[in-house]
Amino acid sequence: MQYMGNMADPILSIRNVSKTFGEFRAVNDVSLDIHAGTITGLIGPNGAGKTTLFNVLTGMLKPTSGTVHLDGQDVTGFAPDALFSLGLGRTFQIPRPFAKMSVLENVMLSPMAQVGERVWGPFLGAAKMRDQEATIRKRAMEVLDFVTLAPLADQAAGQISGGQMKLLELARILMGDPKLILLDEPAAGVNPSLTRTLIEKIEELNRDGKTFVIIEHDMDFVMQHCDPVIALAEGSKVFEGTAEEAQNNPVLLDAYLGAQVE
Amino acid sequence: MIGVISYLVFFATVASILSIAVLGLNLQWGNTGLFNGGVVAFFGAGAYGTLILGGTSQVGQLGGFALPYLLALLGGMVCAGVVAWIVGLLTIRLRHDYLAIATFGVAVAFETVMRNTDALGGAQGIRGFERPLRETLGNGFTYNLAFFAFVLILLIATYLFLERLIQSPFGRLLRAIREDETAAQSLGKSPSRVRLTSFVAGSVIMGLAGGLYATFYAFISPQDVLPILTFQIWAMLIVGGAGNNKGAVMGTFLIWAAWTASGWALSRFAPLEVQLYTGSIQFVLIGFVIVGMLLWRPQGLFPEKLVVSQSARSKNEQ
C-alpha cells in the first residue's frame, strides 16, 4: 500500500539509507520521499531508528550507505551547518537552548552571513553591522511574537519551561527561513495549552508553504495533523500511507500499536 | 613615602600586565568555553618573540634583530598567534578536559624546548634587552611610571576591544558555541572555525601580556613560563568571574595582591624551616583558592551579565 503524494519532485528524497553502529543496524535500507507542502508524521516504537534517521538527514550522522537529496541536490554527508543554509531546519527531542543567553539572543543568532560574526566585523564593518543588527532584531521580535514568546525576550533561555524551549527552537530555525522543518517529538513533555499553540503555528506555517517532518509518539497528534504517516520498526520502513490507513493497518497495529498499547 | 608609591607602581604594572593575559583567557574560556590549560605557552611565545625580535644580538643566540620596540611587541603577538593557530588546528576536535590536557602538554613542551635550546637562551634565558626609551627616561622611578602608563593604555585598549567584540554578533556566536555546539551547528554556524578564531585571538592577547612582561624585566627565561603561572591566571579569572571582563581585571588585582601578600607574610612571620617552603605553600594556597571558588561561588565575584548584545527593552525605549 503506497501513499500516492503529489507527483512533483520531492523536497527530500532518501534512497536506501542505512546507518549501522558496529553490528547494530539502527536504520536499515530506508527509502522515502517527502513532498513539498506536506506534514509527514514519522512514527514507530522506541528504538525504531527515528531519531537516528533524523540525525542522518540533518547531517549529525553520516549514513553508512544510501543517498539523501534535498531539493534535487545530493547532500549525503553534508554537515548540519551546510544543510541549515540550504533550507533544512531541525529541533531536538530534548530542547537545546543556549541556556545562559537571553531568548532574544538565541533567536538573533540564526541569520546567516552576519557581518558582525567575523572578528573584525565590529570594528571595520561597524555601520553595516549596526544596520544588520537592527533588521535582525526587528525580525527576531516578530518571530518571537509569532511563537508567543515575545514577553520572554529578555529572559535567560535556560529558565523558560520545556514547552517554551520547543517554541524557542522553532523560532530559532524560522529566522533562517527554512523550506523543510524536522521536529523531533515537539509535543513530548509539553503542557496541552502550549501543544495547542505549537500545532497552530505548525499548521499556519504549513499553509504558508513550509514542509514538516515530525517524529511523534502522541497518536492523536499524528492522526489529526499528519499526512502522510510513515512508520519505522527495527530500523526499517514498515508502513507509508494516510493517517486513516495507518489506523486500520494490521501490520502497523501489530508492529507498533500492538507492542505499545498493552 | 616614595618607596611605597614606587612599590605600588611596580605592583600595578605587573598586575596590569597579568590582567591582559587574564582578559585573553576570558575570551577563550569565559566566552567560548575553551579550556586552555597552557596559557604560559602563548604568554611565553609573546615574551620570547618580543625579546628575540627587539633585542640586541647575543653570542650564540638567535635574534638580536633590534627591531623598533612596537614592531617587536607586535611580532611577539604574532608569534603567540602562530603557535596558537598550529596548536588550535591540532586540537580543534578536542573538548573540555581533553583540550586542557593537550594544551597543558604544549605548555610543558614549550618550557622544555626553551630550556634546552641554547639558541633560544637555554636555561639562562634571554638577556641583554635594551628597554625602549631607557636613555631618555633613565632607569628610575620616572621610567617605571611611564612604562606603567604604557601598560595601562594597552590594558584599557584590550578591555575596550574585547567589550566591543563580545557585545557584537561575534560574541553572541562565541556564547552559543560555549552553551551548545550541536545546536549552534544545526543553526548554520561552524563551531570549529569559531573555536579556532577565538583560540588564536585570545592567545594573541596573552602574547601581548608576555611581551610586556619580558619588556618590564628586560629578561625572560624558562623559569617564567612554568605551569604555576597558568594556574595563577586561571585563579584570577575564576575568582573575578568568567565571562565578565571587569571581573577578570578585578580578579587579577585581587589574586596578585593575595599572592604577593602571602609571600611577604610567610617570609616575615613564618618559622624559618617553613620559610624554605614559601613557594610550595603558595602553590597549595592558589589551589585552594581555585577549588574553593569553584565550590562556593563558581560564577565568580563578578558574574557574567545575561543580556550583553541586545535587549528587547532597549528597543522599546528607542
# chains A, B, ... in the order shown; residues from 1 in each chain; ligands from 1
call {"tool": "residues_around", "arguments": {"residues": "segment 39-41 of chain A", "least_positions_apart": "6", "cutoff": "8 Å", "atoms": "only C-alpha atoms", "output": "PDB file with N, CA, C and O atoms, in the first residue's frame"}}
result
ATOM      1  N   ASN A 206       2.638  25.750   7.701  1.00  0.00           N
ATOM      2  CA  ASN A 206       2.402  24.797   6.621  1.00  0.00           C
ATOM      3  C   ASN A 206       1.543  25.433   5.526  1.00  0.00           C
ATOM      4  O   ASN A 206       1.814  25.260   4.343  1.00  0.00           O
ATOM      5  N   THR A 211       7.306  22.823   4.677  1.00  0.00           N
ATOM      6  CA  THR A 211       7.124  21.377   4.744  1.00  0.00           C
ATOM      7  C   THR A 211       7.628  20.874   6.093  1.00  0.00           C
ATOM      8  O   THR A 211       8.669  21.339   6.571  1.00  0.00           O
ATOM      9  N   PHE A 212       6.901  19.951   6.696  1.00  0.00           N
ATOM     10  CA  PHE A 212       7.305  19.438   8.005  1.00  0.00           C
ATOM     11  C   PHE A 212       7.476  17.923   7.990  1.00  0.00           C
ATOM     12  O   PHE A 212       6.722  17.213   7.322  1.00  0.00           O
ATOM     13  N   VAL A 213       8.460  17.461   8.751  1.00  0.00           N
ATOM     14  CA  VAL A 213       8.527  16.040   9.096  1.00  0.00           C
ATOM     15  C   VAL A 213       8.571  15.999  10.616  1.00  0.00           C
ATOM     16  O   VAL A 213       9.406  16.664  11.229  1.00  0.00           O
ATOM     17  N   ILE A 214       7.638  15.260  11.213  1.00  0.00           N
ATOM     18  CA  ILE A 214       7.500  15.293  12.662  1.00  0.00           C
ATOM     19  C   ILE A 214       7.580  13.888  13.249  1.00  0.00           C
ATOM     20  O   ILE A 214       6.804  13.013  12.873  1.00  0.00           O
ATOM     21  N   ILE A 215       8.534  13.684  14.141  1.00  0.00           N
ATOM     22  CA  ILE A 215       8.550  12.453  14.933  1.00  0.00           C
ATOM     23  C   ILE A 215       7.609  12.681  16.098  1.00  0.00           C
ATOM     24  O   ILE A 215       7.727  13.696  16.801  1.00  0.00           O
ATOM     25  N   GLU A 216       6.675  11.785  16.316  1.00  0.00           N
ATOM     26  CA  GLU A 216       5.776  11.999  17.447  1.00  0.00           C
ATOM     27  C   GLU A 216       5.238  10.665  17.959  1.00  0.00           C
ATOM     28  O   GLU A 216       4.957   9.761  17.186  1.00  0.00           O
ATOM     29  N   VAL A 222      -0.599  12.739  15.702  1.00  0.00           N
ATOM     30  CA  VAL A 222      -0.221  12.259  14.377  1.00  0.00           C
ATOM     31  C   VAL A 222      -1.461  12.074  13.504  1.00  0.00           C
ATOM     32  O   VAL A 222      -1.511  12.525  12.351  1.00  0.00           O
ATOM     33  N   HIS A 225      -3.036  15.586  12.551  1.00  0.00           N
ATOM     34  CA  HIS A 225      -2.308  16.662  11.869  1.00  0.00           C
ATOM     35  C   HIS A 225      -1.333  16.191  10.800  1.00  0.00           C
ATOM     36  O   HIS A 225      -0.817  17.013  10.061  1.00  0.00           O
ATOM     37  N   CYS A 226      -1.034  14.893  10.756  1.00  0.00           N
ATOM     38  CA  CYS A 226      -0.008  14.456   9.820  1.00  0.00           C
ATOM     39  C   CYS A 226      -0.604  13.684   8.648  1.00  0.00           C
ATOM     40  O   CYS A 226      -1.471  12.839   8.823  1.00  0.00           O
ATOM     41  N   ASP A 227      -0.108  13.991   7.476  1.00  0.00           N
ATOM     42  CA  ASP A 227      -0.496  13.275   6.284  1.00  0.00           C
ATOM     43  C   ASP A 227       0.584  13.495   5.260  1.00  0.00           C
ATOM     44  O   ASP A 227       0.794  14.633   4.852  1.00  0.00           O
ATOM     45  N   PRO A 228       1.291  12.517   4.850  1.00  0.00           N
ATOM     46  CA  PRO A 228       1.165  11.102   5.182  1.00  0.00           C
ATOM     47  C   PRO A 228       1.802  10.725   6.523  1.00  0.00           C
ATOM     48  O   PRO A 228       2.385  11.551   7.193  1.00  0.00           O
ATOM     49  N   VAL A 229       1.647   9.429   6.852  1.00  0.00           N
ATOM     50  CA  VAL A 229       2.282   8.867   8.029  1.00  0.00           C
ATOM     51  C   VAL A 229       3.249   7.780   7.567  1.00  0.00           C
ATOM     52  O   VAL A 229       2.918   6.976   6.703  1.00  0.00           O
ATOM     53  N   ILE A 230       4.448   7.816   8.116  1.00  0.00           N
ATOM     54  CA  ILE A 230       5.446   6.795   7.802  1.00  0.00           C
ATOM     55  C   ILE A 230       5.825   6.112   9.107  1.00  0.00           C
ATOM     56  O   ILE A 230       6.029   6.792  10.122  1.00  0.00           O
TER      57      ILE A 230
END
call {"tool": "interface_residues", "arguments": {"of": "chain A", "to": "chain B", "cutoff": "9 Å", "atoms": "only C-alpha atoms", "output": "count of residues only"}}
result
52
call {"tool": "residues_around", "arguments": {"residues": "segment 109-121 of chain B", "least_positions_apart": "3", "cutoff": "7 Å", "atoms": "only C-alpha atoms", "output": "ChimeraX atom specification"}}
result
/B:41,60-62,105-106,124-126,222,225-226
call {"tool": "atom_distance", "arguments": {"atom1": "atom CA of Leu205 of chain A", "atom2": "atom CA of Leu182 of chain A"}}
result
12.9 Å
call {"tool": "select_by_dssp", "arguments": {"residues": "segment 47-213 of chain A", "states": "helix (DSSP H, G or I)", "output": "MDAnalysis selection string"}}
result
chainID A and resid 50:57 80:85 103:108 115:117 121:124 126:146 150:152 157:159 162:174 192:207
call {"tool": "closest_residue", "arguments": {"among": "A:Ile94, A:Leu253, A:Ala171, A:Leu12", "to": "Thr76 of chain A", "atoms": "only C-alpha atoms"}}
result
A:Leu12
call {"tool": "residues_around", "arguments": {"residues": "Ile11 of chain A", "least_positions_apart": "3", "cutoff": "10 Å", "atoms": "only C-alpha atoms", "output": "ChimeraX atom specification"}}
result
/A:8,33-38,69-73,179-180,211
call {"tool": "atom_distance", "arguments": {"atom1": "atom CA of Tyr143 of chain B", "atom2": "atom CA of Gln58 of chain B"}}
result
24.8 Å
call {"tool": "select_by_dssp", "arguments": {"residues": "segment 9-152 of chain A", "states": "strand (DSSP E or B)", "output": "NGL selection string"}}
result
:A and (12-21 or 24-34 or 39-43 or 65-70 or 73-74 or 88-90 or 102)
call {"tool": "residues_around", "arguments": {"residues": "Phe302 of chain B", "least_positions_apart": "2", "cutoff": "8 Å", "atoms": "only C-alpha atoms", "output": "ChimeraX atom specification"}}
result
/B:240-241,244,246-247,299-300,304
call {"tool": "write_last_selection", "arguments": {"atoms": "N, CA, C and O atoms", "output": "PDB file, in the first residue's frame"}}
result
ATOM      1  N   GLY B 240      37.539  36.316  39.702  1.00  0.00           N
ATOM      2  CA  GLY B 240      36.915  37.531  39.180  1.00  0.00           C
ATOM      3  C   GLY B 240      35.552  37.256  38.582  1.00  0.00           C
ATOM      4  O   GLY B 240      34.610  38.010  38.792  1.00  0.00           O
ATOM      5  N   GLY B 241      35.437  36.178  37.837  1.00  0.00           N
ATOM      6  CA  GLY B 241      34.158  35.848  37.209  1.00  0.00           C
ATOM      7  C   GLY B 241      34.332  35.607  35.733  1.00  0.00           C
ATOM      8  O   GLY B 241      34.467  36.567  34.960  1.00  0.00           O
ATOM      9  N   ASN B 244      33.088  37.777  32.392  1.00  0.00           N
ATOM     10  CA  ASN B 244      32.938  39.196  32.719  1.00  0.00           C
ATOM     11  C   ASN B 244      34.325  39.855  32.693  1.00  0.00           C
ATOM     12  O   ASN B 244      35.176  39.546  33.511  1.00  0.00           O
ATOM     13  N   LYS B 246      35.278  42.902  33.376  1.00  0.00           N
ATOM     14  CA  LYS B 246      35.586  43.692  34.564  1.00  0.00           C
ATOM     15  C   LYS B 246      36.032  42.753  35.684  1.00  0.00           C
ATOM     16  O   LYS B 246      37.023  43.008  36.380  1.00  0.00           O
ATOM     17  N   GLY B 247      35.312  41.644  35.814  1.00  0.00           N
ATOM     18  CA  GLY B 247      35.673  40.644  36.815  1.00  0.00           C
ATOM     19  C   GLY B 247      37.076  40.104  36.586  1.00  0.00           C
ATOM     20  O   GLY B 247      37.835  39.893  37.538  1.00  0.00           O
ATOM     21  N   GLN B 299      30.439  31.196  39.845  1.00  0.00           N
ATOM     22  CA  GLN B 299      30.254  32.275  38.862  1.00  0.00           C
ATOM     23  C   GLN B 299      31.229  33.423  39.086  1.00  0.00           C
ATOM     24  O   GLN B 299      31.279  34.363  38.301  1.00  0.00           O
ATOM     25  N   GLY B 300      32.007  33.362  40.197  1.00  0.00           N
ATOM     26  CA  GLY B 300      32.987  34.411  40.461  1.00  0.00           C
ATOM     27  C   GLY B 300      32.394  35.608  41.170  1.00  0.00           C
ATOM     28  O   GLY B 300      31.190  35.679  41.411  1.00  0.00           O
ATOM     29  N   GLU B 304      28.931  36.754  35.023  1.00  0.00           N
ATOM     30  CA  GLU B 304      28.616  37.193  33.671  1.00  0.00           C
ATOM     31  C   GLU B 304      27.227  37.812  33.642  1.00  0.00           C
ATOM     32  O   GLU B 304      26.305  37.321  34.263  1.00  0.00           O
TER      33      GLU B 304
END
call {"tool": "residues_around", "arguments": {"residues": "segment 134-137 of chain B", "least_positions_apart": "6", "cutoff": "12 Å", "atoms": "only C-alpha atoms", "output": "ChimeraX atom specification"}}
result
/B:69,143-147,215-216,218
call {"tool": "closest_residue", "arguments": {"among": "B:Leu155, B:Gly63, B:Ser16, B:Gly76", "to": "Trp256 of chain B", "atoms": "only C-alpha atoms"}}
result
B:Ser16
call {"tool": "atom_distance", "arguments": {"atom1": "atom CA of Ile281 of chain B", "atom2": "atom CA of Ser262 of chain B"}}
result
9.2 Å
